[in-house]
$ cat start10.cif   # mmCIF, C-alpha atoms
data_model
#
loop_
_atom_site.label_atom_id
_atom_site.label_comp_id
_atom_site.auth_asym_id
_atom_site.auth_seq_id
_atom_site.Cartn_x
_atom_site.Cartn_y
_atom_site.Cartn_z
CA MET A 23 -15.56 66.39 34.37
CA GLN A 24 -19.18 65.99 33.24
CA HIS A 25 -18.34 67.07 29.66
CA LEU A 26 -15.12 65.11 29.26
CA LEU A 27 -14.99 63.36 25.86
CA ARG A 28 -11.65 61.48 26.04
CA LEU A 29 -9.84 59.89 28.94
CA HIS A 30 -6.48 58.08 28.96
CA VAL A 31 -5.30 56.55 32.23
CA LYS A 32 -1.78 55.12 31.98
CA ALA A 33 0.31 53.32 34.57
CA SER A 34 3.93 54.35 34.96
CA ASN A 35 5.00 50.84 33.88
CA GLN A 36 3.36 47.63 32.64
CA ASP A 37 3.38 46.05 36.11
CA GLU A 38 1.60 48.87 37.94
CA LEU A 39 -1.97 48.17 39.04
CA LEU A 40 -4.59 50.75 38.05
CA ARG A 41 -7.05 51.13 40.90
CA LEU A 42 -10.25 52.15 39.15
CA GLU A 43 -12.98 50.36 41.11
CA SER A 44 -14.55 53.63 42.23
CA LEU A 45 -14.03 55.55 38.98
CA GLN A 46 -17.30 56.72 37.52
CA LEU A 47 -17.10 57.64 33.85
CA PRO A 48 -18.70 60.88 32.73
CA PRO A 49 -21.91 60.35 30.75
CA GLU A 50 -20.59 62.00 27.57
CA LEU A 51 -17.26 60.14 27.42
CA GLN A 52 -16.56 58.89 23.89
CA THR A 53 -13.01 57.53 24.10
CA LEU A 54 -11.45 55.56 26.94
CA GLN A 55 -7.91 54.20 26.97
CA LEU A 56 -6.67 52.25 29.99
CA THR A 57 -3.02 51.20 30.03
CA GLY A 58 -1.98 49.15 33.06
CA LYS A 59 -2.95 46.09 35.06
CA LEU A 60 -6.59 45.84 36.05
CA THR A 61 -8.13 43.79 38.82
CA GLY A 62 -10.87 41.42 37.68
CA GLY A 63 -13.42 43.43 39.66
CA VAL A 64 -12.94 46.47 37.46
CA LEU A 65 -14.71 44.85 34.52
CA LYS A 66 -17.62 43.90 36.77
CA SER A 67 -17.92 47.41 38.17
CA PRO A 68 -21.30 48.98 37.39
CA LEU A 69 -19.60 52.38 37.51
CA LEU A 70 -17.06 51.68 34.81
CA PHE A 71 -18.23 49.16 32.20
CA SER A 72 -21.99 49.27 32.18
CA ALA A 73 -24.83 49.93 29.80
CA ASN A 74 -25.05 53.41 31.37
CA VAL A 75 -21.95 54.39 29.41
CA ASN A 76 -23.79 54.56 26.06
CA SER A 77 -21.68 57.40 24.68
CA LEU A 78 -18.45 55.34 24.65
CA VAL A 79 -17.50 54.60 21.02
CA ARG A 80 -13.75 53.88 21.28
CA LEU A 81 -12.14 51.63 23.87
CA SER A 82 -8.50 50.61 24.22
CA LEU A 83 -7.27 48.30 26.97
CA CYS A 84 -3.52 47.62 27.19
CA TRP A 85 -1.31 45.68 29.64
CA CYS A 86 -4.35 44.57 31.66
CA ASP A 87 -3.23 40.93 32.15
CA LEU A 88 -6.75 39.70 32.89
CA THR A 89 -7.30 35.99 33.51
CA GLU A 90 -11.03 36.10 32.71
CA ASP A 91 -12.39 36.65 29.18
CA PRO A 92 -13.22 40.39 29.06
CA ILE A 93 -15.65 40.13 26.12
CA PRO A 94 -18.83 39.40 28.14
CA TYR A 95 -18.23 42.49 30.29
CA LEU A 96 -17.29 44.79 27.42
CA SER A 97 -20.30 43.65 25.39
CA LYS A 98 -22.51 45.93 27.50
CA LEU A 99 -20.91 48.81 25.59
CA SER A 100 -23.23 48.45 22.62
CA ASN A 101 -22.22 51.72 20.92
CA LEU A 102 -18.55 50.84 20.51
CA THR A 103 -17.25 51.37 16.98
CA SER A 104 -13.57 50.70 17.78
CA LEU A 105 -12.06 48.15 20.17
CA HIS A 106 -8.34 47.65 20.75
CA LEU A 107 -7.17 44.96 23.18
CA ARG A 108 -3.40 44.66 23.67
CA ARG A 109 -1.91 42.35 26.30
CA THR A 110 -5.34 42.44 27.89
CA TYR A 111 -6.08 38.78 28.47
CA ASN A 112 -3.99 35.75 29.49
CA GLY A 113 -6.58 33.05 28.82
CA HIS A 114 -6.80 30.53 26.00
CA GLN A 115 -10.13 31.38 24.37
CA LEU A 116 -12.11 34.46 23.30
CA ARG A 117 -15.79 34.08 22.39
CA PHE A 118 -18.02 36.64 20.68
CA HIS A 119 -21.63 35.56 21.23
CA ALA A 120 -24.49 36.47 18.88
CA ALA A 121 -25.74 40.07 19.02
CA LEU A 122 -22.57 41.43 20.66
CA PHE A 123 -21.04 44.72 19.52
CA PRO A 124 -23.62 45.58 16.84
CA LYS A 125 -21.91 48.87 15.85
CA LEU A 126 -18.27 47.78 16.06
CA LYS A 127 -16.45 48.65 12.82
CA GLY A 128 -12.82 48.01 13.78
CA MET A 129 -11.18 45.59 16.19
CA THR A 130 -7.55 44.86 17.04
CA LEU A 131 -6.55 41.90 19.20
CA GLN A 132 -2.84 42.18 19.88
CA ASP A 133 -0.11 40.49 21.93
CA MET A 134 -2.35 38.07 23.81
CA VAL A 135 0.18 35.28 23.59
CA GLU A 136 -1.91 32.60 25.35
CA VAL A 137 -5.01 32.90 23.12
CA ARG A 138 -5.39 29.65 21.18
CA GLU A 139 -8.98 29.91 19.93
CA ILE A 140 -11.36 32.65 18.85
CA TYR A 141 -15.04 31.88 18.34
CA MET A 142 -17.46 34.20 16.56
CA ASP A 143 -21.08 33.09 16.77
CA GLU A 144 -23.42 33.83 13.89
CA GLY A 145 -24.99 37.25 14.45
CA THR A 146 -22.07 38.80 16.30
CA LEU A 147 -19.98 41.75 15.11
CA ILE A 148 -22.47 42.44 12.31
CA SER A 149 -20.88 45.78 11.33
CA LEU A 150 -17.21 44.78 11.62
CA GLU A 151 -15.19 45.97 8.60
CA TYR A 152 -11.61 45.83 9.93
CA LEU A 153 -9.97 43.07 11.98
CA LYS A 154 -6.34 42.86 13.05
CA LEU A 155 -4.95 39.83 14.84
CA ASP A 156 -1.33 40.52 15.78
CA GLY A 157 0.98 38.70 18.16
CA LEU A 158 -1.44 35.91 19.09
CA LYS A 159 1.39 33.40 18.87
CA GLN A 160 -0.68 30.39 19.97
CA LEU A 161 -3.48 31.03 17.46
CA ALA A 162 -3.02 28.30 14.85
CA HIS A 163 -6.49 28.42 13.22
CA VAL A 164 -8.58 31.08 11.53
CA PRO A 165 -11.21 32.27 14.02
CA ASP A 166 -14.19 29.93 14.00
CA GLY A 167 -17.18 31.80 12.58
CA ILE A 168 -15.23 34.38 10.57
CA GLU A 169 -17.41 33.37 7.62
CA PHE A 170 -20.42 34.92 9.44
CA LEU A 171 -18.82 38.39 9.43
CA SER A 172 -20.26 39.41 6.07
CA SER A 173 -19.34 43.11 6.47
CA LEU A 174 -15.65 42.30 7.01
CA LYS A 175 -13.54 43.97 4.30
CA GLU A 176 -9.99 44.14 5.62
CA VAL A 177 -8.10 41.61 7.76
CA TYR A 178 -4.56 41.58 9.10
CA PHE A 179 -3.06 38.31 10.34
CA TRP A 180 0.34 39.19 11.80
CA THR A 181 2.79 37.26 13.96
CA LEU A 182 0.61 34.23 14.64
CA HIS A 183 1.36 30.53 15.21
CA ALA A 184 3.64 28.84 12.65
CA HIS A 185 0.76 26.61 11.45
CA PHE A 186 -1.62 29.53 10.92
CA ARG A 187 -0.64 30.12 7.28
CA GLY A 188 -1.47 26.54 6.26
CA ASN A 189 -4.78 26.64 8.11
CA LEU A 190 -5.57 30.00 6.51
CA GLN A 191 -5.03 28.49 3.06
CA GLU A 192 -7.35 25.61 3.94
CA SER A 193 -10.03 28.06 5.14
CA ALA A 194 -9.67 29.99 1.87
CA ARG A 195 -10.09 26.77 -0.14
CA MET A 196 -13.25 26.02 1.83
CA GLY A 197 -14.64 29.46 0.91
CA ARG A 198 -14.75 30.77 4.49
CA LEU A 199 -12.92 33.97 3.51
CA ASN A 200 -14.53 34.84 0.15
CA HIS A 201 -16.27 37.93 1.56
CA ILE A 202 -12.99 39.59 2.62
CA SER A 203 -11.61 41.93 -0.07
CA ALA A 204 -8.20 42.69 1.52
CA MET A 205 -6.17 40.21 3.52
CA ASN A 206 -2.68 40.89 4.84
CA LEU A 207 -0.49 38.13 6.24
CA ARG A 208 2.96 38.33 7.75
#
$ encode --input "start10.cif" --output "structure tokens"
Amino acid sequence: MQHLLRLHVKASNQDELLRLESLQLPPELQTLQLTGKLTGGVLKSPLLFSANVNSLVRLSLCWCDLTEDPIPYLSKLSNLTSLHLRRTYNGHQLRFHAALFPKLKGMTLQDMVEVREIYMDEGTLISLEYLKLDGLKQLAHVPDGIEFLSSLKEVYFWTLHAHFRGNLQESARMGRLNHISAMNLR
């Protein structure tokens, strides 16, 4: 397993708990997809999500139902270029602090129905080109700090709060979205 490049661990259903506390990722792993409920301790595990996993470039977490913001733990994965979080987090706020995910090019945040706010500090996600927000039904405002993502080219805003469209138009009038060349809304 030392030379494994891709790993997908999937629960038999969305309620099954994945017990991964003792899983140690191979040093050359590039793609990891976990589909199933995770215990909060998994993200804190030095074996799984640590700076030692520098080869990981693609990460997908689905059905995890975490109650704690996963971003601080995942930020140790500094070589990520793609991040997909679907039904990963049940909290109200996601925050991307400065200097996080310096190589991330694409990010999808999907079906996290309790998320109400997303904050992006200046200096975070400096390489992000693609952002998809889909199924964040409580998200009524454009993520705070989106204007700092100067490399952002393509954005998808799908199935968000009913007031999102009006707030998006206000953000556009304020010039917060001028750097984005393609924006899709539905």
$ resolve_selection --input "start10.cif" --expression "the PyMOL selection byres ((chain A and resi 59) around 6)" --output "JSON, numbers by chain"
{"A": [39, 40, 58, 60, 85, 86, 87]}
$ residues_near_point --input "start10.cif" --point "(-18.9, 42.6, 8.2)" --cutoff "9 Å" --atoms "all atoms listed in the file" --output "list in words"
Lys127, Leu147, Ile148, Ser149, Leu150, Glu151, Tyr152, Phe170, Leu171, Ser172, Ser173, Leu174, Lys175, His201 and Ile202 of chain A
$ closest_residue --input "start10.cif" --among "A:Leu155, A:Leu26, A:Leu99, A:Leu161" --to "Lys125 of chain A" --atoms "all atoms listed in the file"
A:Leu99
$ residues_near_point --input "start10.cif" --point "(-19.8, 68.5, 36.4)" --cutoff "12 Å" --atoms "all atoms listed in the file" --output "ChimeraX atom specification"
/A:23-26,47-50
$ atom_distance --input "start10.cif" --atom1 "atom CA of Phe179 of chain A" --atom2 "atom CA of Arg195 of chain A"
17.1 Å
$ resolve_selection --input "start10.cif" --expression "the PyMOL selection byres ((chain A and resi 96) around 10)" --output "list in words"
Leu65, Lys66, Phe71, Ser72, Ala73, Leu81, Asp91, Pro92, Ile93, Pro94, Tyr95, Ser97, Lys98, Leu99, Ser100, Leu102, Leu105, Leu122 and Phe123 of chain A
$ resolve_selection --input "start10.cif" --expression "the PyMOL selection byres ((chain A and resi 77) around 7)" --output "PyMOL selection string"
chain A and resi 49-52+75-76+78-79+101
$ closest_residue --input "start10.cif" --among "A:Leu126, A:Val64, A:Ala184, A:Val177" --to "Gln160 of chain A" --atoms "all atoms listed in the file"
A:Ala184
$ atom_distance --input "start10.cif" --atom1 "atom CA of Glu136 of chain A" --atom2 "atom CA of Asp156 of chain A"
12.4 Å
$ closest_residue --input "start10.cif" --among "A:Val135, A:Glu144, A:Leu199, A:Arg108" --to "Val164 of chain A" --atoms "all atoms listed in the file"
A:Leu199
$ closest_residue --input "start10.cif" --among "A:Ser67, A:Gln55, A:Thr103, A:Thr146" --to "Arg117 of chain A" --atoms "only C-alpha atoms"
A:Thr146
$ atom_distance --input "start10.cif" --atom1 "atom CA of Asn35 of chain A" --atom2 "atom CA of Arg208 of chain A"
29.0 Å
$ closest_residue --input "start10.cif" --among "A:Leu70, A:Leu116, A:Met196, A:Leu83" --to "Val31 of chain A" --atoms "all atoms listed in the file"
A:Leu83
$ closest_residue --input "start10.cif" --among "A:Ser104, A:Glu169, A:Ala162, A:His183" --to "Gly197 of chain A" --atoms "all atoms listed in the file"
A:Glu169
$ decode --input "start10.cif" --residues "segment 146-160 of chain A" --atoms "N, CA, C and O atoms" --output "PDB file, in the first residue's frame"
ATOM      1  N   THR A 146      -6.097  34.367   1.847  1.00  0.00           N
ATOM      2  CA  THR A 146      -6.453  32.952   1.796  1.00  0.00           C
ATOM      3  C   THR A 146      -6.789  32.561   0.363  1.00  0.00           C
ATOM      4  O   THR A 146      -7.098  33.415  -0.458  1.00  0.00           O
ATOM      5  N   LEU A 147      -6.705  31.289   0.066  1.00  0.00           N
ATOM      6  CA  LEU A 147      -7.138  30.750  -1.233  1.00  0.00           C
ATOM      7  C   LEU A 147      -6.580  31.561  -2.408  1.00  0.00           C
ATOM      8  O   LEU A 147      -7.288  31.867  -3.367  1.00  0.00           O
ATOM      9  N   ILE A 148      -5.297  31.871  -2.358  1.00  0.00           N
ATOM     10  CA  ILE A 148      -4.695  32.792  -3.327  1.00  0.00           C
ATOM     11  C   ILE A 148      -4.639  32.257  -4.754  1.00  0.00           C
ATOM     12  O   ILE A 148      -4.488  33.033  -5.690  1.00  0.00           O
ATOM     13  N   SER A 149      -4.800  30.947  -4.935  1.00  0.00           N
ATOM     14  CA  SER A 149      -4.760  30.364  -6.278  1.00  0.00           C
ATOM     15  C   SER A 149      -6.126  29.893  -6.767  1.00  0.00           C
ATOM     16  O   SER A 149      -6.234  29.335  -7.855  1.00  0.00           O
ATOM     17  N   LEU A 150      -7.171  30.115  -5.978  1.00  0.00           N
ATOM     18  CA  LEU A 150      -8.495  29.589  -6.308  1.00  0.00           C
ATOM     19  C   LEU A 150      -9.017  30.201  -7.609  1.00  0.00           C
ATOM     20  O   LEU A 150      -9.086  31.417  -7.755  1.00  0.00           O
ATOM     21  N   GLU A 151      -9.396  29.335  -8.553  1.00  0.00           N
ATOM     22  CA  GLU A 151      -9.932  29.761  -9.849  1.00  0.00           C
ATOM     23  C   GLU A 151     -11.403  29.390 -10.017  1.00  0.00           C
ATOM     24  O   GLU A 151     -12.112  30.027 -10.782  1.00  0.00           O
ATOM     25  N   TYR A 152     -11.841  28.333  -9.309  1.00  0.00           N
ATOM     26  CA  TYR A 152     -13.184  27.786  -9.481  1.00  0.00           C
ATOM     27  C   TYR A 152     -13.820  27.610  -8.106  1.00  0.00           C
ATOM     28  O   TYR A 152     -13.226  27.010  -7.215  1.00  0.00           O
ATOM     29  N   LEU A 153     -15.036  28.133  -7.946  1.00  0.00           N
ATOM     30  CA  LEU A 153     -15.768  27.994  -6.690  1.00  0.00           C
ATOM     31  C   LEU A 153     -17.210  27.647  -7.001  1.00  0.00           C
ATOM     32  O   LEU A 153     -17.868  28.318  -7.797  1.00  0.00           O
ATOM     33  N   LYS A 154     -17.691  26.587  -6.357  1.00  0.00           N
ATOM     34  CA  LYS A 154     -19.098  26.201  -6.511  1.00  0.00           C
ATOM     35  C   LYS A 154     -19.723  26.107  -5.129  1.00  0.00           C
ATOM     36  O   LYS A 154     -19.251  25.360  -4.272  1.00  0.00           O
ATOM     37  N   LEU A 155     -20.768  26.901  -4.922  1.00  0.00           N
ATOM     38  CA  LEU A 155     -21.572  26.844  -3.714  1.00  0.00           C
ATOM     39  C   LEU A 155     -22.942  26.333  -4.130  1.00  0.00           C
ATOM     40  O   LEU A 155     -23.657  27.003  -4.879  1.00  0.00           O
ATOM     41  N   ASP A 156     -23.301  25.139  -3.666  1.00  0.00           N
ATOM     42  CA  ASP A 156     -24.524  24.485  -4.128  1.00  0.00           C
ATOM     43  C   ASP A 156     -25.239  23.846  -2.937  1.00  0.00           C
ATOM     44  O   ASP A 156     -24.646  23.078  -2.190  1.00  0.00           O
ATOM     45  N   GLY A 157     -26.502  24.191  -2.760  1.00  0.00           N
ATOM     46  CA  GLY A 157     -27.297  23.564  -1.717  1.00  0.00           C
ATOM     47  C   GLY A 157     -27.013  24.084  -0.322  1.00  0.00           C
ATOM     48  O   GLY A 157     -27.320  23.410   0.653  1.00  0.00           O
ATOM     49  N   LEU A 158     -26.451  25.278  -0.216  1.00  0.00           N
ATOM     50  CA  LEU A 158     -26.242  25.928   1.080  1.00  0.00           C
ATOM     51  C   LEU A 158     -27.473  26.814   1.302  1.00  0.00           C
ATOM     52  O   LEU A 158     -27.433  28.022   1.105  1.00  0.00           O
ATOM     53  N   LYS A 159     -28.567  26.203   1.671  1.00  0.00           N
ATOM     54  CA  LYS A 159     -29.880  26.852   1.645  1.00  0.00           C
ATOM     55  C   LYS A 159     -30.066  27.948   2.676  1.00  0.00           C
ATOM     56  O   LYS A 159     -31.008  28.724   2.579  1.00  0.00           O
ATOM     57  N   GLN A 160     -29.169  28.060   3.647  1.00  0.00           N
ATOM     58  CA  GLN A 160     -29.243  29.137   4.634  1.00  0.00           C
ATOM     59  C   GLN A 160     -28.291  30.288   4.288  1.00  0.00           C
ATOM     60  O   GLN A 160     -28.285  31.305   4.967  1.00  0.00           O
TER      61      GLN A 160
END
